[in-house]
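Peer 1: Below is one structure. I have some questions about it.
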Amino acid sequence: MSEATKEYAGAIDRGLEGVVACSTSISAIAGTTLLYRGYTIEDLAENAGFEEVIHLLWLGHLPTRAELGAFRETLGASVALPPEAFPWLLGLPKQVHPMDFLHAVVAGLSLHDPDANQLSPERTLRKAVRLTARIGTIVAAYHRVRSGQWPQQPEPDQTLAWNFLYSLLGSEPSPQKVRDFDVCLVLHADHELNASAFSARVTSSTLSGLYSSVMAAIGTLKGSLHGGANEAVLRMLDEIGSPERVDPYLDRSLGEGRRIMGFGHRVYKEGDPRARILKQMSERLTREAGVPELYTMSALLEERMAERKGMIPNVDFYSASVYRALGIPVDLFTPVFAMSRVAGWCAHVMEQYQDNRIYRPRGRYVGPTRLKVLPIDQR
Ligand code: COA
């Protein structure tokens, strides 16, 4: 072992598996369930709306009726994009991945926000409100502009779920559709120290501001091993096409050593509670939307992956067919994930600032040592 390598001799946890990097009271994977500040995800999905969950994640308790009214008003006041954003937003390229567009627009909005680099709790909370209220608006505006339509102005007195569907589809969504989408937002809002929340925490630990932290998180969520998996799942289902083609597809893909998107999880080994809820929604919603084969193929894939690989579906697996049934375009699936997860990112940044220490792990050096720089003509 060389001198340089000796210094890094401790065990390496590849992918930081099993490393506990911070204390948090925001959310926890507790056996077969997920807790947001002590409440199970099953309970919250059934009995709380997305705005109540955001309040819970940021302020630590479920709001009273009066608190919820005030909180919704605050979010509603920020849901529209500032008018000064339109000229540059409309000038951005539209034939790009919507996650890249979202990233660019969040960066652009930070340039117009006088609080962008302020770290006080009050200003961080104000920015969290603006960002969380606006991500759905940005995503819907992107879709309308690329489809040759003018962005639909959101309604400040409606919920974020209602506004997203309204701004995306251009007409008032049914109460049931809003409720179903709202449940999706609740289910995706936070998930302990997942990769994008960790990114947000790493960035904020340098005392960088909320916008930079959320931009880091958006970039992290985009990858197909994280939030990008929901889009990949639907593309896979489209490629499979019918239930009888599930087995040949798995034979070929597993034979080639490919990953089946929407399966596997670093922490859950007994099943992801969010996937269980989404599975039930998928069965109902795909039937109602006239695309029941999406659920049939998904359920068969789940069965076969359990038999062949002992693997379980994660949150991205059934959310894919649910979003398709709700009429959301496939490349917006991951941005829709961001629209919800931004609530968790903001909660993590706020918690990080409260007891900050910069994240600075080590990397074990395995390269050569003591090389000598030769004059350029002798190399
Ligand atoms: N399909 C097929 N095999 C899979 C797999 C999948 N979706 N996920 C993991 N595996 C296999 C790996 O090939 C590896 O096998 P090996 O030990 O024979 O090499 C083993 O399972 C362990 O995988 P690993 O990548 O070490 O697990 P991880 O904890 O680092 O990764 C995920 C977790 C979620 C990133 C991983 O399961 C994955 O890539 N899933 C697909 C993408 C996805 O759905 N992401 C959304 C996560 S919510």
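By convention in this document, the chains of the structure tokens carry letters A, B, ... by their order, each chain's residues are numbered from 1, and ligands are numbered from 1 in the order they are shown.
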Counting only C-alpha atoms, which residues of range 88-143 of chain A fall within 7 Å of range 206-217 of chain A, and what is the closest atom pair for each with its distance in Å at one decimal, ordered by chain and rising number, as JSON lines?
Peer 2:
{"residue": "A:His103", "atom": "CA", "partner": "A:Met215", "partner_atom": "CA", "distance": 6.0}
{"residue": "A:Val106", "atom": "CA", "partner": "A:Met215", "partner_atom": "CA", "distance": 7.0}
{"residue": "A:Ser110", "atom": "CA", "partner": "A:Tyr211", "partner_atom": "CA", "distance": 6.3}
{"residue": "A:Ala116", "atom": "CA", "partner": "A:Gly209", "partner_atom": "CA", "distance": 6.5}
{"residue": "A:Asn117", "atom": "CA", "partner": "A:Gly209", "partner_atom": "CA", "distance": 5.0}
{"residue": "A:Gln118", "atom": "CA", "partner": "A:Gly209", "partner_atom": "CA", "distance": 6.6}
{"residue": "A:Leu119", "atom": "CA", "partner": "A:Gly209", "partner_atom": "CA", "distance": 6.2}
{"residue": "A:Thr124", "atom": "CA", "partner": "A:Leu210", "partner_atom": "CA", "distance": 6.6}
Peer 1: Please write out the residues within 9 Å of ligand 1 as an MDAnalysis selection string, counting only C-alpha atoms and all ligand atoms.
Peer 2: chainID A and resid 14:15 17 194 223:230 232:233 253:254 257:267 305 309 311:317
Peer 1: For His112 in chain A, find every residue with an atom within 12 Å (counting only C-alpha atoms), except residues of its own chain fewer than 3 positions away, and show them as number ranges by chain.
Peer 2: A: 81-86, 88, 105-109, 115-117, 127, 130, 211
Peer 1: Any chance you can output those residues with N, CA, C and O atoms as a CSV table (one decimal), in the first residue's frame?
Peer 2:
chain,number,residue,atom,x,y,z
A,81,LEU,N,-46.1,33.1,-12.4
A,81,LEU,CA,-44.7,33.5,-12.6
A,81,LEU,C,-44.6,35.0,-12.6
A,81,LEU,O,-45.6,35.6,-13.1
A,82,PRO,N,-43.5,35.6,-12.2
A,82,PRO,CA,-43.5,37.1,-12.2
A,82,PRO,C,-43.5,37.5,-13.7
A,82,PRO,O,-42.8,36.9,-14.5
A,83,PRO,N,-44.2,38.6,-14.0
A,83,PRO,CA,-44.3,39.1,-15.4
A,83,PRO,C,-42.9,39.2,-16.1
A,83,PRO,O,-42.7,39.0,-17.3
A,84,GLU,N,-41.9,39.7,-15.3
A,84,GLU,CA,-40.6,39.9,-15.9
A,84,GLU,C,-39.9,38.6,-16.4
A,84,GLU,O,-39.0,38.6,-17.2
A,85,ALA,N,-40.5,37.5,-16.0
A,85,ALA,CA,-39.9,36.2,-16.4
A,85,ALA,C,-40.3,35.8,-17.8
A,85,ALA,O,-39.6,35.1,-18.5
A,86,PHE,N,-41.4,36.4,-18.3
A,86,PHE,CA,-42.0,35.9,-19.6
A,86,PHE,C,-41.1,36.1,-20.8
A,86,PHE,O,-40.9,35.2,-21.6
A,88,TRP,N,-37.8,36.3,-21.2
A,88,TRP,CA,-36.7,35.3,-21.3
A,88,TRP,C,-37.1,33.9,-21.3
A,88,TRP,O,-36.6,33.1,-22.0
A,105,VAL,N,-35.1,27.6,-15.8
A,105,VAL,CA,-36.0,28.6,-15.4
A,105,VAL,C,-35.9,28.9,-13.9
A,105,VAL,O,-36.0,30.0,-13.5
A,106,VAL,N,-35.6,27.8,-13.1
A,106,VAL,CA,-35.3,28.1,-11.7
A,106,VAL,C,-34.1,29.0,-11.5
A,106,VAL,O,-34.1,30.0,-10.7
A,107,ALA,N,-33.1,28.8,-12.3
A,107,ALA,CA,-31.9,29.6,-12.3
A,107,ALA,C,-32.3,31.0,-12.7
A,107,ALA,O,-31.9,32.0,-12.0
A,108,GLY,N,-33.1,31.2,-13.7
A,108,GLY,CA,-33.5,32.5,-14.2
A,108,GLY,C,-34.3,33.2,-13.1
A,108,GLY,O,-34.1,34.4,-12.9
A,109,LEU,N,-35.2,32.5,-12.4
A,109,LEU,CA,-36.0,33.1,-11.4
A,109,LEU,C,-35.2,33.6,-10.3
A,109,LEU,O,-35.5,34.7,-9.7
A,115,ASP,N,-34.0,38.1,-2.7
A,115,ASP,CA,-33.6,37.3,-1.6
A,115,ASP,C,-32.7,36.1,-1.9
A,115,ASP,O,-32.3,35.3,-1.1
A,116,ALA,N,-32.4,36.0,-3.2
A,116,ALA,CA,-31.8,34.7,-3.7
A,116,ALA,C,-30.6,34.2,-2.8
A,116,ALA,O,-30.5,33.0,-2.5
A,117,ASN,N,-29.7,35.1,-2.4
A,117,ASN,CA,-28.6,34.6,-1.7
A,117,ASN,C,-28.7,34.9,-0.2
A,117,ASN,O,-27.7,34.9,0.5
A,127,LYS,N,-38.6,32.1,0.0
A,127,LYS,CA,-38.2,31.5,-1.3
A,127,LYS,C,-38.7,30.1,-1.4
A,127,LYS,O,-39.1,29.7,-2.6
A,130,ARG,N,-42.1,30.5,-2.8
A,130,ARG,CA,-42.2,30.9,-4.2
A,130,ARG,C,-41.8,29.7,-5.1
A,130,ARG,O,-42.5,29.4,-6.1
A,211,TYR,N,-32.1,28.5,-3.8
A,211,TYR,CA,-32.2,28.3,-5.3
A,211,TYR,C,-31.1,27.4,-5.8
A,211,TYR,O,-31.4,26.4,-6.5
Peer 1: Considering only C-alpha atoms, tabulate each residue of range 28-100 of chain A that lies at most 12 Å from range 275-296 of chain A along with its nearest interatomic pair and the corresponding distance in Å to one decimal; arrange the rows by chain and ascending residue number and present them as a tab-separated table.
Peer 2:
residue	atom	partner	partner_atom	distance
A:Thr32	CA	A:Arg276	CA	10.6
A:Thr33	CA	A:Arg276	CA	10.3
A:Leu34	CA	A:Ala275	CA	11.3
A:Ile41	CA	A:Ile277	CA	9.3
A:Glu42	CA	A:Ile277	CA	7.6
A:Asp43	CA	A:Ile277	CA	11.0
A:Leu44	CA	A:Ile277	CA	11.5
A:Ala45	CA	A:Ile277	CA	8.5
A:Glu46	CA	A:Ile277	CA	9.9
Peer 1: Counting only C-alpha atoms, give me one row per residue of range 91-134 of chain A with an atom at most 10 Å from an atom of range 60-74 of chain A, showing the shortest contact pair and its distance in Å to one decimal, sorted by chain then residue number, as JSON lines.
Peer 2:
{"residue": "A:Arg126", "atom": "CA", "partner": "A:Thr74", "partner_atom": "CA", "distance": 9.2}
{"residue": "A:Val129", "atom": "CA", "partner": "A:Thr74", "partner_atom": "CA", "distance": 7.4}
{"residue": "A:Arg130", "atom": "CA", "partner": "A:Thr74", "partner_atom": "CA", "distance": 9.0}
{"residue": "A:Ala133", "atom": "CA", "partner": "A:Thr74", "partner_atom": "CA", "distance": 9.1}
Peer 1: Would you kindly return, as a list in words, each protein, DNA or RNA residue with an atom no farther than 8 Å from any atom of Ala197 in chain A, considering only C-alpha atoms and excluding same-chain residues fewer than 5 positions away?
Peer 2: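 Here the answer would be Glu192, Ala217, Gly344, Trp345 and His348 of chain A.
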Peer 1: As an exercise, work out the distance from CA of Val139 in chain A to CA of Gly327 in chain A in Å and give it to one decimal place.
Peer 2: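 We find that CA of Val139 in chain A and CA of Gly327 in chain A lie 14.2 Å from each other.
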Peer 1: Quick check, in Å to one decimal: how far apart do CA of Gly38 in chain A and CA of His191 in chain A lie?
Peer 2: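 Between these atoms lies a distance of 12.8 Å.
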Peer 1: Skip Arg146 in chain A itself and residues of its chain fewer than 4 positions away, then list as an mmCIF file with N, CA and C atoms, in the first residue's frame all residues within 10 Å of it, counting only C-alpha atoms.
Peer 2:
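This is the output file around.cif:
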data_model
loop_
_atom_site.group_PDB
_atom_site.id
_atom_site.type_symbol
_atom_site.label_atom_id
_atom_site.label_comp_id
_atom_site.auth_asym_id
_atom_site.auth_seq_id
_atom_site.Cartn_x
_atom_site.Cartn_y
_atom_site.Cartn_z
ATOM 1 N N LEU A 90 -39.921 32.696 -22.564
ATOM 2 C CA LEU A 90 -40.455 32.353 -23.888
ATOM 3 C C LEU A 90 -39.341 32.224 -24.924
ATOM 4 N N PRO A 93 -35.007 27.594 -25.532
ATOM 5 C CA PRO A 93 -35.342 26.508 -26.471
ATOM 6 C C PRO A 93 -36.426 25.606 -25.877
ATOM 7 N N LYS A 94 -37.343 25.131 -26.713
ATOM 8 C CA LYS A 94 -38.462 24.311 -26.209
ATOM 9 C C LYS A 94 -38.282 22.822 -26.521
ATOM 10 N N GLN A 95 -37.438 22.501 -27.486
ATOM 11 C CA GLN A 95 -37.288 21.084 -27.822
ATOM 12 C C GLN A 95 -36.146 20.484 -27.001
ATOM 13 N N VAL A 96 -36.230 20.671 -25.697
ATOM 14 C CA VAL A 96 -35.207 20.140 -24.788
ATOM 15 C C VAL A 96 -35.939 19.281 -23.774
ATOM 16 N N ALA A 141 -46.381 25.598 -18.142
ATOM 17 C CA ALA A 141 -46.118 26.655 -19.133
ATOM 18 C C ALA A 141 -45.223 26.108 -20.242
ATOM 19 N N TYR A 142 -44.226 25.333 -19.845
ATOM 20 C CA TYR A 142 -43.328 24.737 -20.845
ATOM 21 C C TYR A 142 -44.132 23.918 -21.852
ATOM 22 N N TRP A 150 -50.378 29.777 -25.517
ATOM 23 C CA TRP A 150 -49.917 30.735 -24.512
ATOM 24 C C TRP A 150 -50.075 30.106 -23.117
ATOM 25 N N PRO A 151 -49.129 30.328 -22.177
ATOM 26 C CA PRO A 151 -49.296 29.736 -20.843
ATOM 27 C C PRO A 151 -50.614 30.172 -20.189
#
Peer 1: Which residue out of A:Asp182, A:Asp157, A:Glu231, A:Glu51 has the minimum interatomic distance to Arg324 in chain A when only C-alpha atoms are used?
Peer 2: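 For Arg324 in chain A, the nearest of the given residues is A:Glu231.
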Peer 1: Quick one: of A:Thr220, A:Gln153, A:Ser298, A:Asn356, who's nearest to Arg134 in chain A, counting only C-alpha atoms?
Peer 2: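 When distances to Arg134 in chain A are compared using only C-alpha atoms, the smallest one comes from A:Gln153.
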Peer 1: Measure the distance from CA of Arg341 in chain A to CA of Ala189 in chain A in Å and round it to one decimal.
Peer 2: 4.4 Å
Peer 1: Using only C-alpha atoms for the distances, tell me which of A:Leu332, A:Ala48, A:Ala343, A:Ile135 is nearest to Ser27 in chain A.
Peer 2: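 Checking each of A:Leu332, A:Ala48, A:Ala343, A:Ile135 against Ser27 in chain A, counting only C-alpha atoms, the winner is A:Ala343.
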